[in-house]
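Asks: Quick one, data-v3.csv (CSV, C-alpha atoms):
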```csv
chain,number,residue,atom,x,y,z
A,1,MET,CA,8.7,-3.6,-46.3
A,2,THR,CA,6.4,-5.0,-43.6
A,3,ARG,CA,9.3,-7.4,-42.7
A,4,ARG,CA,11.5,-4.4,-42.0
A,5,LEU,CA,8.9,-3.0,-39.8
A,6,LEU,CA,8.7,-6.3,-37.9
A,7,LEU,CA,12.4,-5.9,-37.1
A,8,LEU,CA,11.6,-2.7,-35.2
A,9,LEU,CA,9.3,-4.5,-32.8
A,10,PRO,CA,12.0,-5.3,-30.2
A,11,LEU,CA,13.0,-1.7,-30.2
A,12,ALA,CA,9.4,-0.6,-29.7
A,13,GLY,CA,9.1,-3.1,-26.9
A,14,PHE,CA,12.3,-1.8,-25.3
A,15,LEU,CA,11.0,1.8,-25.5
A,16,VAL,CA,7.7,0.9,-23.8
A,17,LEU,CA,9.5,-0.9,-21.0
A,18,ALA,CA,12.0,2.0,-20.6
A,19,VAL,CA,9.2,4.5,-20.2
A,20,PHE,CA,7.4,2.2,-17.8
A,21,LEU,CA,10.4,1.7,-15.6
A,22,TYR,CA,11.4,5.3,-15.8
A,23,ARG,CA,8.0,6.3,-14.5
A,24,GLY,CA,8.4,3.7,-11.7
A,25,LEU,CA,11.6,5.6,-10.6
A,26,SER,CA,9.7,8.8,-9.9
A,27,ILE,CA,6.9,7.2,-7.9
A,28,ASP,CA,7.2,7.6,-4.1
A,29,PRO,CA,7.0,4.1,-2.7
A,30,ALA,CA,5.8,5.3,0.6
A,31,SER,CA,2.7,7.0,-0.8
A,32,ARG,CA,-0.2,4.8,-1.8
A,33,ASP,CA,-3.9,5.4,-2.2
A,34,SER,CA,-5.9,4.5,0.8
A,35,ALA,CA,-7.9,1.3,0.5
A,36,LEU,CA,-10.8,3.3,1.9
A,37,MET,CA,-11.0,5.7,-1.0
A,38,ALA,CA,-14.6,6.4,-2.0
A,39,ARG,CA,-15.8,4.4,1.0
A,40,PRO,CA,-17.7,5.6,4.0
A,41,PHE,CA,-15.6,6.7,7.0
A,42,PRO,CA,-15.3,3.7,9.3
A,43,ALA,CA,-17.7,3.5,12.2
A,44,PHE,CA,-16.3,4.4,15.6
A,45,SER,CA,-17.3,5.3,19.1
A,46,LEU,CA,-14.6,7.3,20.9
A,47,THR,CA,-14.5,9.9,23.6
A,48,THR,CA,-13.0,13.3,22.9
A,49,LEU,CA,-9.6,14.4,24.1
A,50,GLU,CA,-11.2,17.5,25.6
A,51,ASP,CA,-13.9,15.7,27.6
A,52,PRO,CA,-13.6,12.0,28.6
A,53,GLY,CA,-17.4,12.1,29.3
A,54,ARG,CA,-18.3,13.0,25.7
A,55,THR,CA,-18.6,10.1,23.2
A,56,LEU,CA,-18.8,10.7,19.5
A,57,ASP,CA,-19.4,8.5,16.5
A,58,GLU,CA,-19.1,8.7,12.7
A,59,SER,CA,-22.2,11.0,12.4
A,60,LEU,CA,-19.8,13.7,13.5
A,61,LEU,CA,-18.5,13.8,9.9
A,62,LYS,CA,-21.8,14.2,8.1
A,63,GLY,CA,-23.0,17.5,6.7
A,64,GLU,CA,-19.7,19.3,6.0
A,65,VAL,CA,-16.5,18.6,4.2
A,66,THR,CA,-14.0,17.8,6.9
A,67,LEU,CA,-10.3,17.1,7.2
A,68,VAL,CA,-9.6,14.3,9.6
A,69,ASN,CA,-6.0,14.5,10.8
A,70,VAL,CA,-4.4,11.6,12.7
A,71,TRP,CA,-1.7,12.9,15.0
A,72,GLY,CA,0.1,12.1,18.3
A,73,GLU,CA,2.3,13.9,20.7
A,74,TRP,CA,5.0,11.2,20.1
A,75,CYS,CA,5.1,12.1,16.4
A,76,PRO,CA,7.7,14.7,15.5
A,77,THR,CA,6.4,15.4,12.0
A,78,CYS,CA,3.0,16.2,13.5
A,79,LYS,CA,4.6,19.2,15.1
A,80,GLN,CA,5.9,20.5,11.8
A,81,GLU,CA,2.5,20.1,10.3
A,82,MET,CA,0.6,22.2,12.9
A,83,PRO,CA,1.2,25.6,11.4
A,84,GLN,CA,-0.3,24.4,8.1
A,85,LEU,CA,-3.3,22.9,9.9
A,86,LEU,CA,-3.8,26.2,11.8
A,87,GLU,CA,-3.7,28.0,8.5
A,88,LEU,CA,-6.3,25.7,7.0
A,89,ALA,CA,-8.6,26.2,10.0
A,90,GLU,CA,-8.2,29.9,9.6
A,91,ARG,CA,-9.2,29.7,6.0
A,92,GLY,CA,-12.4,28.0,7.0
A,93,VAL,CA,-11.7,24.3,6.6
A,94,ARG,CA,-13.3,22.2,9.2
A,95,LEU,CA,-10.7,20.0,11.0
A,96,VAL,CA,-11.2,17.0,13.3
A,97,GLY,CA,-8.2,15.5,15.0
A,98,VAL,CA,-7.6,11.9,16.0
A,99,ASP,CA,-5.1,11.8,18.9
A,100,TYR,CA,-3.6,8.4,18.0
A,101,LYS,CA,-1.9,6.1,20.6
A,102,ASP,CA,-1.4,8.9,23.0
A,103,THR,CA,-2.2,9.7,26.6
A,104,ARG,CA,-4.7,12.4,27.4
A,105,GLU,CA,-2.1,14.4,29.3
A,106,LYS,CA,0.4,14.3,26.5
A,107,GLY,CA,-2.2,15.1,23.9
A,108,ARG,CA,-3.4,18.1,25.7
A,109,GLU,CA,0.1,19.3,26.3
A,110,PHE,CA,0.7,19.1,22.6
A,111,LEU,CA,-2.3,21.2,21.7
A,112,ALA,CA,-1.4,23.7,24.4
A,113,GLU,CA,2.0,24.1,22.9
A,114,PHE,CA,1.4,24.0,19.2
A,115,GLY,CA,-2.1,25.4,19.0
A,116,ASN,CA,-5.4,23.7,18.3
A,117,PRO,CA,-6.8,23.9,14.8
A,118,PHE,CA,-9.4,21.1,15.5
A,119,GLU,CA,-13.1,21.6,16.1
A,120,VAL,CA,-12.8,18.4,18.2
A,121,ASN,CA,-10.3,15.7,18.9
A,122,LEU,CA,-11.2,12.1,19.1
A,123,PHE,CA,-9.1,10.2,21.6
A,124,ASP,CA,-7.8,6.9,20.2
A,125,PRO,CA,-5.3,5.5,22.8
A,126,GLU,CA,-5.5,1.9,21.4
A,127,GLY,CA,-5.3,3.0,17.8
A,128,SER,CA,-8.5,1.2,17.0
A,129,LEU,CA,-9.9,4.0,14.7
A,130,GLY,CA,-6.4,4.4,13.3
A,131,PHE,CA,-6.3,0.7,12.4
A,132,ASP,CA,-9.7,0.8,10.7
A,133,LEU,CA,-8.5,3.8,8.7
A,134,GLY,CA,-5.4,1.8,7.6
A,135,VAL,CA,-3.1,4.3,9.3
A,136,TYR,CA,0.4,3.0,9.4
A,137,GLY,CA,2.2,6.2,10.5
A,138,ALA,CA,1.2,9.6,11.7
A,139,PRO,CA,0.5,12.1,10.5
A,140,GLU,CA,-2.1,11.0,7.9
A,141,THR,CA,-5.0,13.1,6.7
A,142,PHE,CA,-8.3,12.1,5.3
A,143,LEU,CA,-10.7,14.4,3.4
A,144,VAL,CA,-14.3,13.4,4.2
A,145,ASP,CA,-17.1,14.8,2.1
A,146,ALA,CA,-20.4,16.0,3.4
A,147,GLU,CA,-21.9,12.5,3.1
A,148,GLY,CA,-19.2,11.0,5.3
A,149,VAL,CA,-17.3,9.4,2.4
A,150,ILE,CA,-13.5,9.4,2.2
A,151,ARG,CA,-12.4,11.4,-0.9
A,152,TYR,CA,-8.7,12.0,-0.4
A,153,HIS,CA,-5.9,10.6,1.6
A,154,HIS,CA,-2.6,12.4,2.5
A,155,THR,CA,0.2,10.4,3.9
A,156,GLY,CA,3.0,12.2,5.7
A,157,TYR,CA,2.8,15.8,6.8
A,158,ILE,CA,1.1,18.6,4.9
A,159,THR,CA,3.6,21.1,3.7
A,160,THR,CA,3.0,24.8,3.0
A,161,GLN,CA,3.0,24.0,-0.7
A,162,ASP,CA,0.5,21.1,-0.1
A,163,VAL,CA,-1.9,23.6,1.5
A,164,GLU,CA,-2.2,25.7,-1.7
A,165,ARG,CA,-1.6,23.0,-4.3
A,166,VAL,CA,-3.4,20.0,-3.0
A,167,ILE,CA,-5.5,20.4,0.1
A,168,LEU,CA,-7.5,23.6,-0.6
A,169,PRO,CA,-8.4,22.5,-4.2
A,170,GLU,CA,-9.4,19.1,-2.9
A,171,VAL,CA,-11.6,20.7,-0.3
A,172,ALA,CA,-13.2,23.0,-2.8
A,173,LYS,CA,-13.8,20.1,-5.2
A,174,TRP,CA,-16.0,18.3,-2.7
A,175,GLN,CA,-17.6,21.4,-1.2
A,176,ASP,CA,-20.5,21.8,-3.6
B,1,MET,CA,36.2,2.4,38.1
B,2,ALA,CA,35.1,-0.9,39.4
B,3,ARG,CA,31.6,0.6,39.8
B,4,LEU,CA,31.6,1.7,36.2
B,5,ILE,CA,32.7,-1.8,35.0
B,6,ARG,CA,30.0,-3.4,37.1
B,7,ALA,CA,27.4,-1.0,35.7
B,8,LEU,CA,28.5,-1.8,32.1
B,9,LEU,CA,28.3,-5.5,32.8
B,10,MET,CA,24.8,-5.1,34.2
B,11,LEU,CA,23.8,-3.2,31.1
B,12,ALA,CA,25.3,-5.9,28.8
B,13,LEU,CA,23.4,-8.5,30.7
B,14,LEU,CA,20.2,-6.5,30.5
B,15,THR,CA,20.3,-5.6,26.8
B,16,PRO,CA,19.2,-9.0,25.5
B,17,ALA,CA,16.3,-9.0,28.0
B,18,LEU,CA,15.2,-5.6,26.6
B,19,ALA,CA,15.4,-6.9,23.0
B,20,GLN,CA,13.3,-9.9,24.0
B,21,ALA,CA,10.7,-7.6,25.5
B,22,ALA,CA,9.6,-6.6,21.9
B,23,ILE,CA,8.6,-10.1,21.0
B,24,GLU,CA,5.1,-11.0,22.2
B,25,VAL,CA,4.6,-14.5,23.6
B,26,ARG,CA,1.4,-16.0,22.4
B,27,GLU,CA,0.0,-19.2,23.7
B,28,PHE,CA,-1.7,-21.6,21.3
B,29,ASP,CA,-3.5,-24.6,22.6
B,30,ASP,CA,-3.9,-25.9,19.1
B,31,PRO,CA,-0.8,-26.5,16.9
B,32,VAL,CA,-2.9,-26.0,13.7
B,33,MET,CA,-3.9,-22.6,15.0
B,34,ARG,CA,-0.2,-21.7,15.6
B,35,ASP,CA,0.7,-22.8,12.1
B,36,ARG,CA,-2.1,-20.7,10.6
B,37,PHE,CA,-0.9,-17.7,12.7
B,38,GLU,CA,2.7,-18.2,11.5
B,39,SER,CA,1.7,-18.5,7.8
B,40,LEU,CA,-0.7,-15.5,8.0
B,41,THR,CA,1.9,-13.3,9.6
B,42,ALA,CA,4.5,-14.4,7.1
B,43,THR,CA,2.2,-13.6,4.1
B,44,LEU,CA,1.0,-10.2,5.3
B,45,ARG,CA,3.3,-7.4,4.4
B,46,CYS,CA,4.1,-4.6,6.9
B,47,PRO,CA,2.5,-1.4,5.5
B,48,LYS,CA,5.2,0.8,7.2
B,49,CYS,CA,8.3,-1.1,6.3
B,50,GLN,CA,7.9,-2.0,2.6
B,51,ASN,CA,9.8,-5.2,2.4
B,52,GLN,CA,9.1,-7.0,5.6
B,53,ALA,CA,6.4,-9.4,6.5
B,54,ILE,CA,4.6,-8.5,9.8
B,55,ASP,CA,6.0,-11.6,11.5
B,56,ASP,CA,9.5,-10.1,11.8
B,57,SER,CA,8.9,-6.4,11.8
B,58,ASP,CA,9.3,-4.3,14.9
B,59,SER,CA,7.2,-1.4,13.7
B,60,PRO,CA,4.2,-0.7,15.9
B,61,ILE,CA,1.7,-1.2,13.1
B,62,ALA,CA,3.1,-4.7,12.5
B,63,GLY,CA,2.6,-5.5,16.1
B,64,ASP,CA,-1.0,-4.3,15.9
B,65,MET,CA,-1.6,-6.4,12.9
B,66,ARG,CA,-0.2,-9.5,14.6
B,67,GLN,CA,-2.5,-8.8,17.5
B,68,ARG,CA,-5.5,-8.6,15.1
B,69,VAL,CA,-4.6,-11.8,13.4
B,70,PHE,CA,-4.3,-13.5,16.7
B,71,GLU,CA,-7.7,-12.2,18.0
B,72,GLN,CA,-9.5,-13.1,14.8
B,73,LEU,CA,-8.0,-16.6,14.8
B,74,GLN,CA,-9.3,-17.0,18.3
B,75,ALA,CA,-12.7,-15.7,17.2
B,76,GLY,CA,-12.8,-18.5,14.6
B,77,ARG,CA,-12.4,-16.5,11.5
B,78,SER,CA,-11.1,-18.2,8.3
B,79,ASP,CA,-7.8,-17.2,6.7
B,80,LYS,CA,-9.6,-15.6,3.9
B,81,GLU,CA,-11.7,-13.5,6.2
B,82,ILE,CA,-8.6,-12.3,8.1
B,83,LEU,CA,-6.9,-11.4,4.8
B,84,ASP,CA,-10.0,-9.6,3.6
B,85,PHE,CA,-10.1,-7.7,6.9
B,86,MET,CA,-6.5,-6.5,6.4
B,87,VAL,CA,-7.0,-5.7,2.7
B,88,SER,CA,-10.1,-3.6,3.4
B,89,ARG,CA,-7.9,-1.4,5.6
B,90,PHE,CA,-4.5,-1.4,4.1
B,91,GLY,CA,-5.2,-2.3,0.5
B,92,ASP,CA,-3.8,-5.1,-1.8
B,93,TYR,CA,-0.4,-3.8,-0.7
B,94,VAL,CA,-0.4,-6.0,2.4
B,95,LEU,CA,-0.6,-9.2,0.4
B,96,TYR,CA,2.7,-10.6,-0.7
B,97,ASN,CA,0.8,-12.8,-3.1
B,98,PRO,CA,-1.6,-10.4,-4.9
B,99,ARG,CA,-4.9,-11.9,-5.7
B,100,LEU,CA,-6.0,-12.8,-9.3
B,101,GLU,CA,-8.5,-10.2,-10.3
B,102,GLY,CA,-9.0,-7.6,-13.1
B,103,ARG,CA,-6.4,-5.2,-11.8
B,104,THR,CA,-3.7,-7.8,-11.3
B,105,LEU,CA,-4.4,-9.7,-14.5
B,106,LEU,CA,-1.4,-8.1,-16.2
B,107,LEU,CA,0.8,-9.0,-13.3
B,108,TRP,CA,-0.2,-12.6,-13.3
B,109,GLY,CA,-0.7,-13.0,-17.0
B,110,LEU,CA,2.4,-11.2,-18.4
B,111,PRO,CA,5.0,-13.9,-17.7
B,112,ALA,CA,2.8,-16.6,-19.2
B,113,ALA,CA,1.9,-14.3,-22.2
B,114,LEU,CA,5.6,-13.6,-22.8
B,115,VAL,CA,6.5,-17.3,-22.7
B,116,LEU,CA,3.6,-18.1,-25.1
B,117,GLY,CA,4.5,-15.2,-27.4
B,118,GLY,CA,8.2,-16.3,-27.5
B,119,GLY,CA,7.3,-19.9,-28.2
B,120,LEU,CA,5.0,-18.8,-31.0
B,121,LEU,CA,7.7,-16.6,-32.5
B,122,VAL,CA,10.2,-19.4,-32.4
B,123,ALA,CA,7.7,-21.8,-34.0
B,124,LEU,CA,6.9,-19.3,-36.8
B,125,LEU,CA,10.6,-18.7,-37.5
B,126,VAL,CA,11.3,-22.4,-37.7
B,127,ARG,CA,8.4,-23.0,-40.1
B,128,ALA,CA,9.4,-20.1,-42.3
B,129,ARG,CA,13.0,-21.4,-42.5
B,130,ARG,CA,11.8,-24.9,-43.3
B,131,ARG,CA,9.5,-23.6,-46.0
B,132,ALA,CA,12.3,-21.5,-47.5
B,133,SER,CA,14.7,-24.5,-47.7
B,134,ALA,CA,11.8,-26.6,-49.2
B,135,SER,CA,11.3,-24.1,-52.0
B,136,ARG,CA,14.9,-24.2,-53.1
B,137,LEU,CA,15.1,-26.7,-56.0
B,138,SER,CA,17.9,-29.1,-56.8
B,139,VAL,CA,19.6,-29.1,-60.2
B,140,GLU,CA,17.6,-32.0,-61.6
B,141,GLU,CA,14.4,-30.5,-60.3
B,142,ARG,CA,15.2,-27.2,-62.0
B,143,ALA,CA,16.0,-29.0,-65.3
B,144,ARG,CA,12.8,-30.9,-65.1
B,145,LEU,CA,10.8,-27.8,-64.4
B,146,ASP,CA,12.5,-26.0,-67.3
B,147,ALA,CA,11.7,-28.9,-69.6
B,148,LEU,CA,8.1,-28.9,-68.5
B,149,LEU,CA,7.8,-25.2,-69.0
B,150,GLU,CA,9.4,-25.4,-72.5
B,151,ARG,CA,7.0,-28.1,-73.5
B,152,GLU,CA,4.2,-25.8,-72.3
B,153,ASP,CA,5.5,-22.9,-74.5
B,154,ASP,CA,5.9,-25.2,-77.6
B,155,ARG,CA,2.3,-26.1,-77.6
```
Write out the structure in this file as structure tokens.

Replies:
Amino acid sequence: MTRRLLLLLPLAGFLVLAVFLYRGLSIDPASRDSALMARPFPAFSLTTLEDPGRTLDESLLKGEVTLVNVWGEWCPTCKQEMPQLLELAERGVRLVGVDYKDTREKGREFLAEFGNPFEVNLFDPEGSLGFDLGVYGAPETFLVDAEGVIRYHHTGYITTQDVERVILPEVAKWQD
Amino acid sequence: MARLIRALLMLALLTPALAQAAIEVREFDDPVMRDRFESLTATLRCPKCQNQAIDDSDSPIAGDMRQRVFEQLQAGRSDKEILDFMVSRFGDYVLYNPRLEGRTLLLWGLPAALVLGGGLLVALLVRARRRASASRLSVEERARLDALLEREDDR
């Protein structure tokens, strides 16, 4: 009897492999967890887009759950994302923008045209903060808790469904 | 018409120059340094383009990464430090050769485990078959055994 069962081993192996590979098919290869998950937001010292004379650092992100959104005028999907970001801001989420590899002029034009949901925008023309964040394409969004630790990473633009299903629950999760 | 042809010819001549513009020229005084740069940029994977190393990717992030590799080499960092620097930002994903650690044990160990397991299976099968053929008795052996058993019964 046990011999018979042994004969089923290859079948079992095949099934395990099949399930594993099938799962692999449904994984989006473009979305990966940030290497910075559960790590403090990287140190930076950048001026704001609004005021070249005002320099901010990572202490900006302490004390309140904040969504840090990396955007740029040159990025078409960032435009599609703006209504959702405006809605999040309206619902009381604190947003900080990072204007990534942009010029001040273009960045300001973008906000004038599509609205400004951000409390403040960090101006990152060289992409140095973006690099430290491991950003490889805008838009990307990081959820930073009140201690300044990165808790969630969203690659690609936030859709209307993402607002309800992902972003708001994540914000609420880290808010207490 | 002649003007159009001349314009097209100019464009054809200029296009390779434009393509060249995307490739940065880096001066290395030290050939060892250049080799290290080349091997590092060939083993780092572009985070944007999935299946390309940063040495031949045109994506902006790959360009940034090449620049960082260059700067860090100039600053005297070791290869390991440079790879650590990249992994801490972009994750294990950027390494074409994943490191041997707890999370990657299965990845590295599975091929060896499968070969070992297969070998073991073959060895067991061979042994079982040999034992089965050994237990089969020849005619004389059977007769001798029967005789012995009979003698046992008679006693």

Asks: If you take every atom of segment 140-149 of chain A that the file lists and fit an axis-aligned box around them with 5 Å extra on each side, what centre and edge lengths come out in Å to one decimal, as lines of an AutoDock Vina configuration file?

Replies:
```
center_x = -12.0
center_y = 12.7
center_z = 5.0
size_x = 29.8
size_y = 16.6
size_z = 15.8
```

Asks: Work out how far apart atom CA of Thr155 of chain A and atom CA of Asn116 of chain A are and give it in Å to one decimal.

Replies: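 Straight-line distance from atom CA of Thr155 of chain A to atom CA of Asn116 of chain A works out to 20.4 Å.
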
Asks: With 6 Å as the limit and counting only C-alpha atoms, what residues in chain A lie close to chain B? Please list them as a list of chain:residue names.

Replies: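 Output check: A:Ala35, A:Asp132, A:Gly134, A:Tyr136.
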
Asks: As an exercise, work out the distance from atom CA of Val135 of chain A to atom CA of Gln80 of chain A in Å and give it to one decimal place.

Replies: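 Computing the Euclidean distance for atom CA of Val135 of chain A and atom CA of Gln80 of chain A yields 18.7 Å.
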
Asks: Any idea what the distance is between atom CA of Leu88 of chain A and atom CA of Gly115 of chain A?

Replies: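 The value is 12.7 Å.
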
Asks: I'd like the contact shell of segment 90-100 of chain A - 6 Å cut-off, only C-alpha atoms, skipping same-chain residues fewer than 2 positions apart - returned as number ranges by chain.

Replies: A: 66-72, 87-88, 102, 118-125, 127

Asks: Neighbouring residues of segment 33-35 of chain B were defined as those with any atom within 10 Å, considering all atoms listed in the file; residues of the same chain fewer than 5 positions away were excluded. Please report them as a VMD selection string.

Replies: chain B and resid 26 to 28 40 to 41 70 73 to 74 76

Asks: Using all atoms listed in the file, can you list as a VMD selection string the residues within 12 Å of (12.8, 7.8, 14.8)?

Replies: (chain A and resid 74 to 77 137) or (chain B and resid 59)

Asks: Next, the residues of the selection above should be written as a compact mmCIF listing (two decimals), in the coordinates of the input with C-alpha atoms.

Replies:
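Output saved as part23.txt:
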```txt
# COMPACT_ATOMS: atom_id res chain seq x y z
CA TRP A 74 5.00 11.20 20.10
CA CYS A 75 5.10 12.10 16.40
CA PRO A 76 7.70 14.70 15.50
CA THR A 77 6.40 15.40 12.00
CA GLY A 137 2.20 6.20 10.50
CA SER B 59 7.20 -1.40 13.70
```

Asks: Calculated over only C-alpha atoms, which of the candidates A:Ser45, A:Glu126, A:Pro40, A:Leu143 has the smallest distance to Val166 of chain A?

Replies: A:Leu143

Asks: With all atoms listed in the file as the basis for distance, which of B:Leu124, B:Leu145, B:Leu110, B:Leu44 is at the shortest distance from Asn97 of chain B?

Replies: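 Among the listed residues, B:Leu44 lies closest to Asn97 of chain B.
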